[in-house]
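Pasting upload_30.cif here (mmCIF, C-alpha atoms):
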```
data_data
#
loop_
_atom_site.group_PDB
_atom_site.id
_atom_site.type_symbol
_atom_site.label_atom_id
_atom_site.label_comp_id
_atom_site.auth_asym_id
_atom_site.auth_seq_id
_atom_site.Cartn_x
_atom_site.Cartn_y
_atom_site.Cartn_z
ATOM 1 C CA SER A 35 120.587 114.801 69.686
ATOM 2 C CA GLY A 36 121.660 114.539 73.292
ATOM 3 C CA LEU A 37 118.987 114.972 75.913
ATOM 4 C CA TRP A 38 116.138 116.000 73.600
ATOM 5 C CA PRO A 39 114.372 112.611 73.911
ATOM 6 C CA ALA A 40 114.109 113.105 77.669
ATOM 7 C CA LEU A 41 113.642 116.863 77.748
ATOM 8 C CA LEU A 42 111.166 117.623 74.942
ATOM 9 C CA PRO A 43 108.348 115.314 76.117
ATOM 10 C CA ARG A 44 108.802 116.637 79.667
ATOM 11 C CA LEU A 45 108.554 120.244 78.458
ATOM 12 C CA ARG A 46 105.445 119.375 76.436
ATOM 13 C CA GLY A 47 103.888 117.832 79.513
ATOM 14 C CA ARG A 48 104.746 120.829 81.649
ATOM 15 C CA ALA A 49 103.151 123.103 79.030
ATOM 16 C CA ARG A 50 100.141 120.727 78.909
ATOM 17 C CA LEU A 51 100.397 120.351 75.154
ATOM 18 C CA ARG A 52 99.924 117.281 73.004
ATOM 19 C CA ARG A 53 102.552 116.625 70.365
ATOM 20 C CA SER A 54 100.064 117.576 67.637
ATOM 21 C CA GLU A 55 99.515 120.951 69.317
ATOM 22 C CA VAL A 56 103.257 121.616 69.514
ATOM 23 C CA VAL A 57 103.628 120.677 65.845
ATOM 24 C CA SER A 58 100.734 122.916 64.798
ATOM 25 C CA GLN A 59 102.122 125.889 66.719
ATOM 26 C CA LEU A 60 105.658 125.218 65.504
ATOM 27 C CA ALA A 61 104.557 125.046 61.870
ATOM 28 C CA ALA A 62 102.666 128.327 62.288
ATOM 29 C CA ARG A 63 105.635 130.088 63.908
ATOM 30 C CA LEU A 64 107.899 128.860 61.104
ATOM 31 C CA GLY A 65 105.458 130.007 58.424
ATOM 32 C CA ALA A 66 105.031 126.414 57.285
ATOM 33 C CA GLN A 67 101.351 125.794 57.987
ATOM 34 C CA GLY A 68 101.024 124.027 54.640
ATOM 35 C CA GLN A 69 103.815 121.634 55.589
ATOM 36 C CA GLN A 70 102.631 120.701 59.059
ATOM 37 C CA GLU A 71 103.109 116.991 58.339
ATOM 38 C CA LYS A 72 106.778 117.525 57.453
ATOM 39 C CA VAL A 73 107.323 119.710 60.525
ATOM 40 C CA GLY A 74 105.712 116.921 62.554
ATOM 41 C CA LEU A 75 108.091 114.337 61.137
ATOM 42 C CA TYR A 76 111.090 116.448 62.044
ATOM 43 C CA TYR A 77 109.748 117.218 65.521
ATOM 44 C CA HIS A 78 109.139 113.499 66.061
ATOM 45 C CA GLN A 79 112.761 112.850 65.073
ATOM 46 C CA MET A 80 113.872 115.427 67.625
ATOM 47 C CA GLU A 81 111.857 113.756 70.395
ATOM 48 C CA GLN A 82 113.200 110.341 69.416
ATOM 49 C CA GLY A 83 116.824 111.466 69.300
ATOM 50 C CA LEU A 84 117.095 110.845 65.570
ATOM 51 C CA LEU A 85 117.755 114.411 64.386
ATOM 52 C CA PRO A 86 121.284 115.755 64.892
ATOM 53 C CA GLU A 87 121.337 118.949 66.942
ATOM 54 C CA GLU A 88 123.810 120.707 64.675
ATOM 55 C CA GLY A 89 121.371 120.607 61.763
ATOM 56 C CA VAL A 90 118.494 122.275 63.606
ATOM 57 C CA SER A 91 118.388 126.029 63.060
ATOM 58 C CA ASP A 92 118.227 128.638 65.795
ATOM 59 C CA THR A 93 114.914 129.708 64.235
ATOM 60 C CA VAL A 94 113.377 126.308 65.038
ATOM 61 C CA LEU A 95 114.793 126.232 68.559
ATOM 62 C CA ASP A 96 113.622 129.769 69.271
ATOM 63 C CA ALA A 97 110.091 128.992 68.044
ATOM 64 C CA LEU A 98 109.985 125.694 69.938
ATOM 65 C CA GLY A 99 111.332 127.325 73.086
ATOM 66 C CA ARG A 100 108.590 129.944 73.002
ATOM 67 C CA ILE A 101 105.972 127.198 72.691
ATOM 68 C CA VAL A 102 107.235 125.073 75.598
ATOM 69 C CA GLY A 103 108.592 127.868 77.814
ATOM 70 C CA TYR A 104 112.311 127.191 77.439
ATOM 71 C CA THR A 105 115.132 129.178 75.878
ATOM 72 C CA ALA A 106 116.605 128.354 72.499
ATOM 73 C CA GLU A 107 120.064 128.366 74.077
ATOM 74 C CA ALA A 108 119.038 125.793 76.686
ATOM 75 C CA LEU A 109 117.445 123.608 73.996
ATOM 76 C CA ARG A 110 120.630 123.806 71.906
ATOM 77 C CA LYS A 111 122.781 122.877 74.894
ATOM 78 C CA ALA A 112 120.483 119.946 75.766
ATOM 79 C CA GLY A 113 120.826 118.696 72.199
ATOM 80 C CA GLN A 114 124.612 118.802 72.485
ATOM 81 C CA LEU A 115 124.906 116.922 75.783
ATOM 82 C CA PRO A 116 125.563 113.199 75.610
ATOM 83 C CA ALA A 117 122.541 111.047 76.273
ATOM 84 C CA PRO A 118 122.783 109.005 79.473
ATOM 85 C CA GLY A 119 123.160 105.251 79.331
ATOM 86 C CA ALA A 120 124.383 104.895 75.771
ATOM 87 C CA PRO A 121 124.443 101.224 74.801
ATOM 88 C CA ARG A 122 127.763 99.438 74.739
ATOM 89 C CA ALA A 123 129.259 98.689 71.353
ATOM 90 C CA ASP A 124 128.556 94.961 71.755
ATOM 91 C CA GLU A 125 124.882 95.463 72.620
ATOM 92 C CA GLY A 126 121.952 95.983 70.312
ATOM 93 C CA ALA A 127 123.275 94.166 67.279
ATOM 94 C CA ALA A 128 121.181 94.715 64.199
ATOM 95 C CA PHE A 129 120.508 92.153 61.547
ATOM 96 C CA ALA A 130 119.476 92.697 57.970
ATOM 97 C CA ARG A 131 117.282 90.363 56.024
ATOM 98 C CA ALA A 132 117.551 89.905 52.315
ATOM 99 C CA THR A 133 114.576 88.965 50.215
ATOM 100 C CA TYR A 134 114.805 87.247 46.906
ATOM 101 C CA GLY A 135 112.349 87.095 44.093
ATOM 102 C CA GLU A 136 110.269 89.766 42.469
ATOM 103 C CA PRO A 137 111.136 93.389 43.244
ATOM 104 C CA SER A 138 108.494 95.261 45.196
ATOM 105 C CA GLU A 139 108.317 98.015 42.544
ATOM 106 C CA PRO A 140 108.509 97.699 38.801
ATOM 107 C CA ALA A 141 111.753 98.916 37.253
ATOM 108 C CA GLY A 142 111.754 102.666 36.726
ATOM 109 C CA ALA A 143 108.930 103.244 39.189
ATOM 110 C CA ALA A 144 111.137 104.477 42.007
ATOM 111 C CA SER A 145 109.814 107.725 43.386
ATOM 112 C CA SER A 146 112.027 110.740 43.069
ATOM 113 C CA PRO A 147 112.939 112.402 46.337
ATOM 114 C CA GLU A 148 111.294 115.718 47.137
ATOM 115 C CA PRO A 149 113.534 118.742 46.621
ATOM 116 C CA PHE A 150 115.267 120.210 49.682
ATOM 117 C CA ASP A 151 112.952 123.017 50.786
ATOM 118 C CA GLU A 152 112.776 125.649 53.509
ATOM 119 C CA VAL A 153 111.470 123.218 56.159
ATOM 120 C CA ASP A 154 114.349 120.845 55.402
ATOM 121 C CA ARG A 155 116.784 123.745 55.676
ATOM 122 C CA LEU A 156 115.332 124.775 59.042
ATOM 123 C CA PHE A 157 115.649 121.280 60.531
ATOM 124 C CA ARG A 158 118.711 119.911 58.722
ATOM 125 C CA GLY A 159 120.589 122.856 57.262
ATOM 126 C CA GLY A 160 122.235 124.178 60.411
ATOM 127 C CA ARG A 161 122.105 127.429 62.267
#
```
Could the structure of this file be written out as structure tokens, please?
Amino acid sequence: SGLWPALLPRLRGRARLRRSEVVSQLAARLGAQGQQEKVGLYYHQMEQGLLPEEGVSDTVLDALGRIVGYTAEALRKAGQLPAPGAPRADEGAAFARATYGEPSEPAGAASSPEPFDEVDRLFRGGR
């Protein structure tokens, strides 16, 4: 997601908006007022650099740009640029921990994933 982690918080600050205000306005502009929490999760992923730019629709970038006073094209380009100071391959090793014993959920109690909806399509389905 390129420079979004650096750019989006700066644009919010310049617009004097809290993240919750950006999310509320973004959900309204996308016609997803009833899914504000989901819009907020995706916006958070954008600010954290966890949402790939190519999945975010022009509709989202246009709406977000209007909120923070930036063009959709400039937001797209910022998402495509490489982030500065990427860690070296030998840095930041991750370790997994296995647990043994009783499973945390009874068998068959796994929750089914929510169906892919319009908000998912706007943030992960591409242009």
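Here atom CA of A:Ala108 is placed at a distance of 21.2 Å from atom CA of A:Arg155.
Put simply, atom CA of A:Leu51 is 9.2 Å away from atom CA of A:Ile101.
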Evaluate the PyMOL selection byres ((chain A and resi 97) around 8) and report residues as number ranges by chain: A: 60, 63-64, 93-96, 98-101, 106
Written selection (C-alpha atoms) as a PDB file, in the frame of the given file:
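Below you can see part.pdb, which holds the result:
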```
ATOM      1  CA  LEU A  60     105.658 125.218  65.504  1.00  0.00           C
ATOM      2  CA  ARG A  63     105.635 130.088  63.908  1.00  0.00           C
ATOM      3  CA  LEU A  64     107.899 128.860  61.104  1.00  0.00           C
ATOM      4  CA  THR A  93     114.914 129.708  64.235  1.00  0.00           C
ATOM      5  CA  VAL A  94     113.377 126.308  65.038  1.00  0.00           C
ATOM      6  CA  LEU A  95     114.793 126.232  68.559  1.00  0.00           C
ATOM      7  CA  ASP A  96     113.622 129.769  69.271  1.00  0.00           C
ATOM      8  CA  LEU A  98     109.985 125.694  69.938  1.00  0.00           C
ATOM      9  CA  GLY A  99     111.332 127.325  73.086  1.00  0.00           C
ATOM     10  CA  ARG A 100     108.590 129.944  73.002  1.00  0.00           C
ATOM     11  CA  ILE A 101     105.972 127.198  72.691  1.00  0.00           C
ATOM     12  CA  ALA A 106     116.605 128.354  72.499  1.00  0.00           C
TER      13      ALA A 106
END
```
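Residue nearest A:Leu115 within the list A:Ser91, A:Gly103, A:Gly83, A:Ala66: A:Gly83 [criterion: smallest interatomic distance, all atoms listed in the file].
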Test item: residues at most 12 Å from A:Leu75, only C-alpha atoms, excluding those fewer than 2 positions along its chain, as a PyMOL selection string: chain A and resi 53-54+57-58+60-61+69-73+77-82+84-85+153-154+157
Keeping only C-alpha atoms, write the selected residues to a file as a short mmCIF file (atom, residue, chain, number, x, y, z; two decimals), in the frame of the given file.
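Full text of again25.cif as output:
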```
data_model
loop_
_atom_site.label_atom_id
_atom_site.label_comp_id
_atom_site.auth_asym_id
_atom_site.auth_seq_id
_atom_site.Cartn_x
_atom_site.Cartn_y
_atom_site.Cartn_z
CA ARG A 53 102.55 116.62 70.36
CA SER A 54 100.06 117.58 67.64
CA VAL A 57 103.63 120.68 65.84
CA SER A 58 100.73 122.92 64.80
CA LEU A 60 105.66 125.22 65.50
CA ALA A 61 104.56 125.05 61.87
CA GLN A 69 103.82 121.63 55.59
CA GLN A 70 102.63 120.70 59.06
CA GLU A 71 103.11 116.99 58.34
CA LYS A 72 106.78 117.52 57.45
CA VAL A 73 107.32 119.71 60.52
CA TYR A 77 109.75 117.22 65.52
CA HIS A 78 109.14 113.50 66.06
CA GLN A 79 112.76 112.85 65.07
CA MET A 80 113.87 115.43 67.62
CA GLU A 81 111.86 113.76 70.40
CA GLN A 82 113.20 110.34 69.42
CA LEU A 84 117.10 110.84 65.57
CA LEU A 85 117.76 114.41 64.39
CA VAL A 153 111.47 123.22 56.16
CA ASP A 154 114.35 120.84 55.40
CA PHE A 157 115.65 121.28 60.53
#
```
So that all listed atoms of stretch 147-159 of chain A fit with 3 Å spare on each side, what axis-aligned box centre and edge lengths in Å, to one decimal, would you give as AutoDock Vina command-line options?
```
--center_x 115.9 --center_y 119.0 --center_z 53.4 --size_x 15.3 --size_y 19.2 --size_z 20.2
```
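Atom to atom, atom CA of A:Leu42 and atom CA of A:Ala112 stand 9.6 Å apart.
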